[in-house]
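Colleague: Below is the file entry.cif, with mmCIF, C-alpha atoms.
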data_data
#
loop_
_atom_site.group_PDB
_atom_site.id
_atom_site.type_symbol
_atom_site.label_atom_id
_atom_site.label_comp_id
_atom_site.auth_asym_id
_atom_site.auth_seq_id
_atom_site.Cartn_x
_atom_site.Cartn_y
_atom_site.Cartn_z
ATOM 1 C CA MET E 204 105.456 45.757 96.139
ATOM 2 C CA GLY E 205 108.001 47.693 98.161
ATOM 3 C CA TYR E 206 108.703 48.711 101.730
ATOM 4 C CA VAL E 207 110.621 51.487 103.398
ATOM 5 C CA TYR E 208 111.679 50.695 106.949
ATOM 6 C CA ILE E 209 113.508 52.183 109.906
ATOM 7 C CA LEU E 210 115.723 50.157 112.211
ATOM 8 C CA THR E 211 117.330 51.327 115.425
ATOM 9 C CA THR E 212 119.644 50.084 118.160
ATOM 10 C CA LYS E 213 118.517 48.632 121.507
ATOM 11 C CA ASN E 214 118.805 52.084 123.092
ATOM 12 C CA ASN E 215 117.239 53.900 120.089
ATOM 13 C CA LYS E 216 120.349 56.055 119.597
ATOM 14 C CA MET E 217 121.001 55.376 115.913
ATOM 15 C CA LEU E 218 118.584 55.048 112.999
ATOM 16 C CA TYR E 219 118.881 53.292 109.663
ATOM 17 C CA ILE E 220 116.434 53.787 106.801
ATOM 18 C CA GLY E 221 116.233 51.133 104.116
ATOM 19 C CA VAL E 222 114.095 49.898 101.254
ATOM 20 C CA THR E 223 113.244 46.357 100.163
ATOM 21 C CA ASN E 224 110.779 44.248 98.230
ATOM 22 C CA ASN E 225 110.600 41.670 101.068
ATOM 23 C CA LEU E 226 110.429 43.209 104.532
ATOM 24 C CA ILE E 227 110.532 39.986 106.555
ATOM 25 C CA ARG E 228 113.572 38.646 104.712
ATOM 26 C CA ARG E 229 115.467 41.913 104.823
ATOM 27 C CA VAL E 230 114.920 42.564 108.528
ATOM 28 C CA TYR E 231 115.852 38.950 109.254
ATOM 29 C CA GLU E 232 119.122 39.522 107.375
ATOM 30 C CA HIS E 233 119.833 42.605 109.492
ATOM 31 C CA LYS E 234 118.996 40.760 112.716
ATOM 32 C CA GLN E 235 121.298 37.861 111.837
ATOM 33 C CA GLY E 236 124.184 40.149 110.855
ATOM 34 C CA LEU E 237 124.064 38.981 107.236
ATOM 35 C CA VAL E 238 124.116 42.543 105.870
ATOM 36 C CA GLU E 239 127.623 43.988 105.827
ATOM 37 C CA GLY E 240 128.001 47.657 106.622
ATOM 38 C CA PHE E 241 126.426 50.234 108.897
ATOM 39 C CA THR E 242 123.718 48.096 110.503
ATOM 40 C CA LYS E 243 126.064 45.215 111.274
ATOM 41 C CA LYS E 244 128.834 47.481 112.571
ATOM 42 C CA PHE E 245 126.532 49.346 114.972
ATOM 43 C CA HIS E 246 124.142 46.465 115.855
ATOM 44 C CA ILE E 247 121.090 48.171 114.358
ATOM 45 C CA LYS E 248 118.483 45.416 114.420
ATOM 46 C CA LYS E 249 115.219 46.668 115.912
ATOM 47 C CA LEU E 250 112.418 47.355 113.412
ATOM 48 C CA VAL E 251 110.457 50.371 114.673
ATOM 49 C CA TYR E 252 108.764 51.678 111.518
ATOM 50 C CA TYR E 253 107.728 50.587 108.045
ATOM 51 C CA GLU E 254 105.517 51.627 105.152
ATOM 52 C CA GLN E 255 104.214 49.455 102.330
ATOM 53 C CA PHE E 256 103.963 50.648 98.715
ATOM 54 C CA SER E 257 102.486 49.147 95.597
ATOM 55 C CA THR E 258 105.789 49.537 93.714
ATOM 56 C CA ILE E 259 109.444 49.452 94.697
ATOM 57 C CA GLN E 260 109.892 52.773 92.885
ATOM 58 C CA ASP E 261 107.404 54.427 95.252
ATOM 59 C CA ALA E 262 109.246 52.942 98.237
ATOM 60 C CA ILE E 263 112.578 54.237 96.931
ATOM 61 C CA SER E 264 111.098 57.716 96.476
ATOM 62 C CA ARG E 265 109.808 57.711 100.054
ATOM 63 C CA GLU E 266 113.161 56.431 101.358
ATOM 64 C CA LYS E 267 114.928 59.370 99.702
ATOM 65 C CA VAL E 268 112.504 61.811 101.339
ATOM 66 C CA LEU E 269 112.900 60.265 104.806
ATOM 67 C CA LYS E 270 116.685 60.286 104.560
ATOM 68 C CA GLU E 271 116.550 64.060 104.080
ATOM 69 C CA TRP E 272 114.538 64.582 107.275
ATOM 70 C CA ASN E 273 116.212 65.695 110.489
ATOM 71 C CA ARG E 274 116.279 63.358 113.484
ATOM 72 C CA ALA E 275 113.419 65.095 115.309
ATOM 73 C CA TRP E 276 111.072 64.565 112.344
ATOM 74 C CA LYS E 277 112.068 60.904 112.082
ATOM 75 C CA ASN E 278 111.513 60.434 115.823
ATOM 76 C CA HIS E 279 108.069 62.031 115.532
ATOM 77 C CA LEU E 280 107.148 59.741 112.625
ATOM 78 C CA ILE E 281 108.166 56.688 114.657
ATOM 79 C CA ASP E 282 106.348 58.015 117.759
ATOM 80 C CA LEU E 283 103.096 58.303 115.775
ATOM 81 C CA PHE E 284 103.411 54.803 114.289
ATOM 82 C CA ASN E 285 104.991 52.959 117.215
ATOM 83 C CA PRO E 286 104.867 55.070 120.420
ATOM 84 C CA SER E 287 106.759 52.558 122.562
ATOM 85 C CA TRP E 288 109.435 51.957 119.902
ATOM 86 C CA ARG E 289 108.943 48.216 120.314
ATOM 87 C CA ASP E 290 110.495 45.790 117.836
ATOM 88 C CA LEU E 291 107.816 45.117 115.221
ATOM 89 C CA TYR E 292 109.593 42.230 113.493
ATOM 90 C CA GLU E 293 107.775 39.319 115.155
ATOM 91 C CA GLU E 294 104.410 41.030 114.714
ATOM 92 C CA ILE E 295 104.868 41.670 110.995
ATOM 93 C CA ALA E 296 106.473 38.293 110.381
ATOM 94 C CA LEU E 297 103.267 36.650 111.596
ATOM 95 C CA SER E 298 100.953 39.025 109.728
ATOM 96 C CA LEU E 299 102.779 38.960 106.374
ATOM 97 C CA LEU E 300 103.380 35.219 106.134
#
Could you quickly redo this structure as structure tokens?

Modeller:
Amino acid sequence: MGYVYILTTKNNKMLYIGVTNNLIRRVYEHKQGLVEGFTKKFHIKKLVYYEQFSTIQDAISREKVLKEWNRAWKNHLIDLFNPSWRDLYEEIALSLL
């Protein structure tokens, strides 16, 4: 199983697209500042979008596609999935446990 996910800042100014085999664990790591790099430096912690795939290879392929998209397309994708751009972490943590 694999997931592609999009995180943003509190004010939704910056986006980060990632891939993982364990969405709850990975987002938790971002939220706690355990992941060095871009997300920690810019406080990108709010989960606003995710997709689940049957294989990690499929998730990686989708991640590559999304990273090529312009910001307007990414915003539209998030708007369709999560119109209020609320943090989905608590909701998915409960549903995936």

Colleague: The PyMOL selection byres ((chain E and resi 264-267) around 7) - which residues does that actually catch in the file I just gave you? List them as a PyMOL selection string.

Modeller: chain E and resi 207+220-222+260-263+268-271

Colleague: Can you measure atom CA of E:Tyr206 to atom CA of E:Arg229 for me? One decimal in Å is fine.

Modeller: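 Atom CA of E:Arg229 lies 10.1 Å from atom CA of E:Tyr206.
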
Colleague: Take the PyMOL selection byres ((chain E and resi 209) around 12), apply it to the structure above, and return the hits as a ChimeraX atom specification.

Modeller: /E:206-208,210-212,215,217-223,226,229-230,233,242,247-254,265-266,269-270,277-278,280-281,284-285,288,290-292

Colleague: Tell me which residues come within 7 Å of (105.6, 45.2, 96.3), as an NGL selection string, counting only C-alpha atoms in the file's coordinates.

Modeller: :E and (204-205 or 224 or 256-259)

Colleague: One number please: atom CA of E:Tyr231 to atom CA of E:Leu297, in Å, one decimal.

Modeller: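 Computing the Euclidean distance for atom CA of E:Tyr231 and atom CA of E:Leu297 yields 13.0 Å.
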
Colleague: Between E:Lys234, E:Gln255, E:Pro286, E:Trp272, which residue has the minimum interatomic distance to E:Lys213, considering only C-alpha atoms?

Modeller: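 Smallest separation from E:Lys213 among the options: E:Lys234.
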
Colleague: Just checking: using all atoms listed in the file, which residue out of E:Arg274, E:Glu232, E:Ile227, E:Glu239 ends up closest to E:Ile295?

Modeller: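 Result for the nearest residue to E:Ile295: E:Ile227.
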
Colleague: What does the distance between atom CA of E:Phe245 and atom CA of E:Glu294 come to in Å, to one decimal place?

Modeller: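 Between atom CA of E:Phe245 and atom CA of E:Glu294 the gap is 23.6 Å.
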
Colleague: Go through E:His246, E:Val238, E:Ser287, E:Ala296 one by one, measure the shortest atom-to-atom distance of each to E:Lys216 using all atoms listed in the file, and give the residue with the smallest value.

Modeller: E:His246

Colleague: For E:Asn214, which of E:Arg289, E:Arg228, E:Asp282, E:Asn273 is the closest residue, counting only C-alpha atoms?

Modeller: E:Arg289
